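**Student:** work_3.cif (mmCIF, C-alpha atoms) pasted underneath:
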data_data
#
loop_
_atom_site.label_atom_id
_atom_site.label_comp_id
_atom_site.auth_asym_id
_atom_site.auth_seq_id
_atom_site.Cartn_x
_atom_site.Cartn_y
_atom_site.Cartn_z
CA ILE A 1 117.71 89.59 100.44
CA VAL A 2 114.98 90.39 97.96
CA TYR A 3 115.04 94.03 96.87
CA VAL A 4 112.18 95.85 95.12
CA HIS A 5 113.10 99.20 93.58
CA GLY A 6 111.00 102.34 93.58
CA TYR A 7 109.62 104.87 91.13
CA ASN A 8 111.72 106.35 88.34
CA GLU A 9 114.27 103.51 88.22
CA THR A 10 115.62 101.61 85.25
CA PHE A 11 116.64 97.98 85.62
CA ASP A 12 120.28 99.08 85.35
CA SER A 13 120.00 101.80 87.99
CA ALA A 14 118.14 99.45 90.36
CA ALA A 15 120.75 96.70 89.85
CA THR A 16 123.60 99.15 90.43
CA SER A 17 122.03 100.58 93.60
CA TYR A 18 121.30 97.11 94.90
CA ALA A 19 124.81 95.87 94.20
CA LYS A 20 126.20 98.82 96.17
CA LEU A 21 123.83 98.07 99.04
CA VAL A 22 124.70 94.37 99.16
CA ASP A 23 128.42 95.24 99.09
CA GLY A 24 128.00 98.01 101.65
CA ILE A 25 126.33 95.78 104.23
CA LYS A 26 128.67 92.87 103.40
CA PHE A 27 125.72 90.54 102.85
CA SER A 28 126.93 86.99 102.29
CA GLY A 29 123.65 85.41 101.17
CA VAL A 30 121.99 85.39 97.78
CA PRO A 31 120.82 88.80 96.55
CA VAL A 32 117.60 88.81 94.51
CA LEU A 33 116.49 91.88 92.58
CA PHE A 34 112.82 92.08 91.74
CA SER A 35 112.43 94.70 89.03
CA TRP A 36 109.08 95.92 87.80
CA PRO A 37 108.68 97.87 84.53
CA SER A 38 109.21 101.49 85.54
CA ARG A 39 109.17 104.05 82.73
CA ALA A 40 112.03 105.74 84.61
CA ALA A 41 110.76 109.19 83.72
CA LEU A 42 110.01 111.90 86.24
CA LEU A 43 106.60 112.76 84.77
CA ASP A 44 105.41 109.14 84.44
CA TYR A 45 104.42 108.69 88.08
CA VAL A 46 100.90 107.42 87.36
CA THR A 47 102.15 104.99 84.70
CA ASP A 48 104.80 103.72 87.12
CA LYS A 49 102.19 103.25 89.85
CA ASP A 50 100.04 101.19 87.49
CA SER A 51 103.05 99.12 86.39
CA ALA A 52 104.04 98.55 90.00
CA MET A 53 100.58 97.28 90.90
CA TRP A 54 100.51 95.12 87.77
CA SER A 55 103.69 93.46 89.08
CA ARG A 56 102.46 92.55 92.55
CA ASP A 57 101.33 89.06 91.51
CA ALA A 58 104.74 88.34 90.00
CA LEU A 59 106.41 89.43 93.24
CA GLU A 60 104.02 87.24 95.21
CA ASP A 61 104.90 84.29 92.93
CA THR A 62 108.61 84.98 93.42
CA LEU A 63 108.35 85.21 97.21
CA THR A 64 106.13 82.13 97.37
CA ALA A 65 108.60 80.11 95.29
CA LEU A 66 111.44 81.18 97.59
CA ALA A 67 109.38 80.44 100.72
CA ASN A 68 108.48 76.97 99.44
CA ASP A 69 112.04 76.05 98.45
CA PRO A 70 113.57 73.89 101.22
CA LYS A 71 117.07 75.15 100.26
CA VAL A 72 116.13 78.75 101.06
CA GLY A 73 116.45 79.93 104.64
CA ARG A 74 114.95 83.12 105.97
CA ILE A 75 114.07 85.66 103.34
CA ASN A 76 114.95 89.28 104.09
CA LEU A 77 113.07 91.97 102.20
CA ILE A 78 113.98 95.53 101.27
CA ALA A 79 111.67 97.78 99.30
CA HIS A 80 112.13 101.42 98.36
CA SER A 81 109.48 104.05 97.72
CA MET A 82 106.83 102.74 95.32
CA GLY A 83 108.39 99.28 95.57
CA SER A 84 107.08 99.21 99.16
CA MET A 85 103.53 99.34 97.83
CA VAL A 86 104.25 96.31 95.63
CA MET A 87 105.88 94.49 98.56
CA MET A 88 102.99 95.19 100.95
CA GLU A 89 100.42 94.03 98.41
CA ALA A 90 102.34 90.80 97.73
CA LEU A 91 102.72 90.09 101.46
CA ARG A 92 99.04 90.80 102.06
CA SER A 93 98.07 88.29 99.42
CA MET A 94 100.54 85.72 100.75
CA SER A 95 99.09 86.19 104.22
CA ASP A 96 95.65 85.24 102.90
CA ARG A 97 97.05 81.97 101.54
CA MET A 98 99.71 81.05 104.10
CA GLY A 99 98.11 82.31 107.31
CA ALA A 100 100.08 81.74 110.50
CA SER A 101 103.05 80.15 108.70
CA LEU A 102 103.89 83.38 106.83
CA PRO A 103 106.25 84.89 109.46
CA ASN A 104 108.32 81.69 109.58
CA HIS A 105 109.72 82.40 106.12
CA PHE A 106 110.84 85.99 106.64
CA GLY A 107 113.63 87.70 108.51
CA ALA A 108 113.95 91.46 108.38
CA ILE A 109 111.52 93.49 106.29
CA VAL A 110 112.67 97.04 105.54
CA LEU A 111 110.51 99.63 103.82
CA ALA A 112 112.64 102.64 102.89
CA ASN A 113 110.63 105.84 102.37
CA PRO A 114 107.51 103.88 101.42
CA ASP A 115 105.24 105.56 98.91
CA VAL A 116 102.11 104.05 100.40
CA ASP A 117 98.94 105.80 101.54
CA LEU A 118 99.03 106.00 105.35
CA ASP A 119 95.45 104.75 105.80
CA LEU A 120 96.07 101.87 103.40
CA PHE A 121 99.23 100.94 105.34
CA ARG A 122 97.30 100.85 108.63
CA ARG A 123 94.76 98.55 107.02
CA GLN A 124 97.44 96.31 105.49
CA MET A 125 99.22 96.04 108.85
CA LYS A 126 96.03 94.72 110.49
CA ARG A 127 96.25 91.76 108.15
CA LEU A 128 100.06 91.58 108.43
CA SER A 129 100.29 92.07 112.20
CA SER A 130 102.25 88.81 112.52
CA LEU A 131 105.05 90.46 110.52
CA SER A 132 105.06 93.79 112.37
CA THR A 133 107.91 92.89 114.75
CA LYS A 134 110.10 92.05 111.73
CA MET A 135 109.29 95.28 109.91
CA THR A 136 111.29 98.50 109.95
CA VAL A 137 110.00 101.61 108.20
CA ILE A 138 112.50 104.32 107.31
CA VAL A 139 110.86 107.74 107.07
CA SER A 140 112.09 111.15 105.96
CA LYS A 141 110.12 114.35 106.14
CA ASN A 142 112.49 115.81 103.49
CA ASP A 143 111.79 113.35 100.67
CA ARG A 144 110.82 115.42 97.61
CA ALA A 145 109.41 112.49 95.66
CA LEU A 146 107.04 111.75 98.55
CA GLU A 147 106.03 115.42 98.67
CA ILE A 148 105.01 115.18 95.01
CA SER A 149 103.27 111.86 95.62
CA THR A 150 101.31 113.41 98.49
CA LYS A 151 100.16 116.24 96.21
CA LEU A 152 99.19 113.79 93.46
CA ALA A 153 97.23 111.81 96.05
CA GLY A 154 95.14 114.86 96.96
CA GLY A 155 97.13 115.65 100.08
CA VAL A 156 96.87 112.16 101.59
CA PRO A 157 100.10 111.56 103.54
CA ARG A 158 102.53 108.85 102.48
CA VAL A 159 104.01 106.42 105.00
CA GLY A 160 107.59 107.43 104.13
CA SER A 161 107.01 111.02 105.16
CA GLY A 162 104.61 110.14 107.96
CA ASP A 163 104.56 110.71 111.67
CA SER A 164 106.82 108.22 113.48
CA GLU A 165 104.53 107.93 116.50
CA GLU A 166 101.52 107.22 114.28
CA LEU A 167 103.42 104.50 112.41
CA GLN A 168 104.64 102.87 115.62
CA LYS A 169 101.00 102.26 116.56
CA THR A 170 100.95 99.65 113.78
CA GLY A 171 103.66 97.67 115.59
CA VAL A 172 106.52 98.41 113.19
CA LYS A 173 109.89 99.86 114.12
CA VAL A 174 110.43 103.35 112.72
CA VAL A 175 113.72 105.00 111.84
CA ASP A 176 113.59 108.71 111.09
CA ALA A 177 116.22 109.58 108.48
CA SER A 178 115.06 113.19 107.99
CA ASP A 179 118.45 114.53 109.04
CA PHE A 180 120.35 112.48 106.42
#
Kindly transcribe the structure held in the file into structure tokens.
**Tutor:**
Amino acid sequence: IVYVHGYNETFDSAATSYAKLVDGIKFSGVPVLFSWPSRAALLDYVTDKDSAMWSRDALEDTLTALANDPKVGRINLIAHSMGSMVMMEALRSMSDRMGASLPNHFGAIVLANPDVDLDLFRRQMKRLSSLSTKMTVIVSKNDRALEISTKLAGGVPRVGSGDSEELQKTGVKVVDASDF
């Protein structure tokens, strides 16, 4: 499982959260943490977004190296919040290079409360339609960070707080965690 953390995370907090997740699901494979340079400060959202986007090529390189390694089986992906934006951008770029072989390398792809513009996500999913059946999007209408992100984006809704029915039109599975 490759995990990409979200906004306002230090390397240590991301590693701790990921270790708890891997232990909690009793994953027996190799856990890989991809950490991008978050400032880990509540008011550094824009800086974190820029750092996240700066890191997308490094994530693409990491995923490509794993996909090309004959010792690596299926790669499962988990991304949280702003990390979902990095993940989607890396997958989009890989799709351009790998074409129809891309889905063969990936198992489950989980985007937890993705901090991604809803219109951008729809556009990305057109290019990544071959991965849609492997993708699960966890949404929550109660996510405060996504509320702030929506305001900073001029009111443009984020995928993680989006309408489940609208997201399902892209072919992904949607889990609504608003009650948790």
**Student:** Translate the PyMOL selection byres ((chain A and resi 171-180) around 6), as applied to the file shown, into an explicit residue set as a list in words.
**Tutor:** Ser132, Thr133, Met135, Thr136, Val137, Ile138, Val139, Ser140, Lys141, Asn142, Gln168, Lys169 and Thr170 of chain A
**Student:** For the interface of region 66-170 of chain A with region 20-29 of chain A (cut-off 10 Å, counting only C-alpha atoms), please tabulate each contacting residue of region 66-170 of chain A alongside its nearest pair of atoms and their separation in Å to one decimal, rows sorted by chain and increasing number, as a Markdown table.
**Tutor:**
| residue | atom | partner | partner_atom | distance |
| --- | --- | --- | --- | --- |
| A:Gly73 | CA | A:Gly29 | CA | 9.7 |
| A:Ile75 | CA | A:Gly29 | CA | 9.8 |
| A:Asn76 | CA | A:Gly29 | CA | 10.0 |
**Student:** Leaving out region 120-124 of chain A and any residue of its chain fewer than 4 positions from it, which residues lie within 9 Å of it when counting only C-alpha atoms, given as an mmCIF file with C-alpha atoms, in the coordinates of the input?
**Tutor:**
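Output below, filename selection.cif:
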data_model
loop_
_atom_site.group_PDB
_atom_site.id
_atom_site.type_symbol
_atom_site.label_atom_id
_atom_site.label_comp_id
_atom_site.auth_asym_id
_atom_site.auth_seq_id
_atom_site.Cartn_x
_atom_site.Cartn_y
_atom_site.Cartn_z
ATOM 1 C CA MET A 85 103.530 99.340 97.830
ATOM 2 C CA MET A 88 102.990 95.190 100.950
ATOM 3 C CA GLU A 89 100.420 94.030 98.410
ATOM 4 C CA ARG A 92 99.040 90.800 102.060
ATOM 5 C CA VAL A 116 102.110 104.050 100.400
ATOM 6 C CA LEU A 128 100.060 91.580 108.430
ATOM 7 C CA SER A 129 100.290 92.070 112.200
ATOM 8 C CA VAL A 159 104.010 106.420 105.000
ATOM 9 C CA LEU A 167 103.420 104.500 112.410
ATOM 10 C CA LYS A 169 101.000 102.260 116.560
ATOM 11 C CA THR A 170 100.950 99.650 113.780
#
**Student:** Taking the file as shown, what set of residues would the PyMOL selection byres ((chain A and resi 81) around 12) give back, as a compact mmCIF listing (two decimals) with C-alpha atoms, in the coordinates of the input?
**Tutor:**
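To be explicit, this is the file written out as result.txt:
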# COMPACT_ATOMS: atom_id res chain seq x y z
CA TYR A 3 115.04 94.03 96.87
CA VAL A 4 112.18 95.85 95.12
CA HIS A 5 113.10 99.20 93.58
CA GLY A 6 111.00 102.34 93.58
CA TYR A 7 109.62 104.87 91.13
CA ASN A 8 111.72 106.35 88.34
CA GLU A 9 114.27 103.51 88.22
CA TYR A 45 104.42 108.69 88.08
CA ASP A 48 104.80 103.72 87.12
CA LYS A 49 102.19 103.25 89.85
CA ALA A 52 104.04 98.55 90.00
CA ILE A 78 113.98 95.53 101.27
CA ALA A 79 111.67 97.78 99.30
CA HIS A 80 112.13 101.42 98.36
CA MET A 82 106.83 102.74 95.32
CA GLY A 83 108.39 99.28 95.57
CA SER A 84 107.08 99.21 99.16
CA MET A 85 103.53 99.34 97.83
CA VAL A 86 104.25 96.31 95.63
CA MET A 87 105.88 94.49 98.56
CA MET A 88 102.99 95.19 100.95
CA VAL A 110 112.67 97.04 105.54
CA LEU A 111 110.51 99.63 103.82
CA ALA A 112 112.64 102.64 102.89
CA ASN A 113 110.63 105.84 102.37
CA PRO A 114 107.51 103.88 101.42
CA ASP A 115 105.24 105.56 98.91
CA VAL A 116 102.11 104.05 100.40
CA ASP A 117 98.94 105.80 101.54
CA VAL A 137 110.00 101.61 108.20
CA ILE A 138 112.50 104.32 107.31
CA VAL A 139 110.86 107.74 107.07
CA SER A 140 112.09 111.15 105.96
CA ASP A 143 111.79 113.35 100.67
CA ARG A 144 110.82 115.42 97.61
CA ALA A 145 109.41 112.49 95.66
CA LEU A 146 107.04 111.75 98.55
CA GLU A 147 106.03 115.42 98.67
CA SER A 149 103.27 111.86 95.62
CA ARG A 158 102.53 108.85 102.48
CA VAL A 159 104.01 106.42 105.00
CA GLY A 160 107.59 107.43 104.13
CA SER A 161 107.01 111.02 105.16
**Student:** Separation of CA of Pro70 (chain A) and CA of Pro103 (chain A), in Å?
**Tutor:**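 Going from CA of Pro70 (chain A) over to CA of Pro103 (chain A) covers 15.6 Å.
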**Student:** Given 3 Å on each side, where is the centre and what are the edge lengths in Å to one decimal of the axis-aligned box enclosing the listed atoms of region 122-134 of chain A, as JSON?
**Tutor:**
{"center_x": 102.4, "center_y": 94.8, "center_z": 110.1, "size_x": 21.3, "size_y": 18.0, "size_z": 15.3}
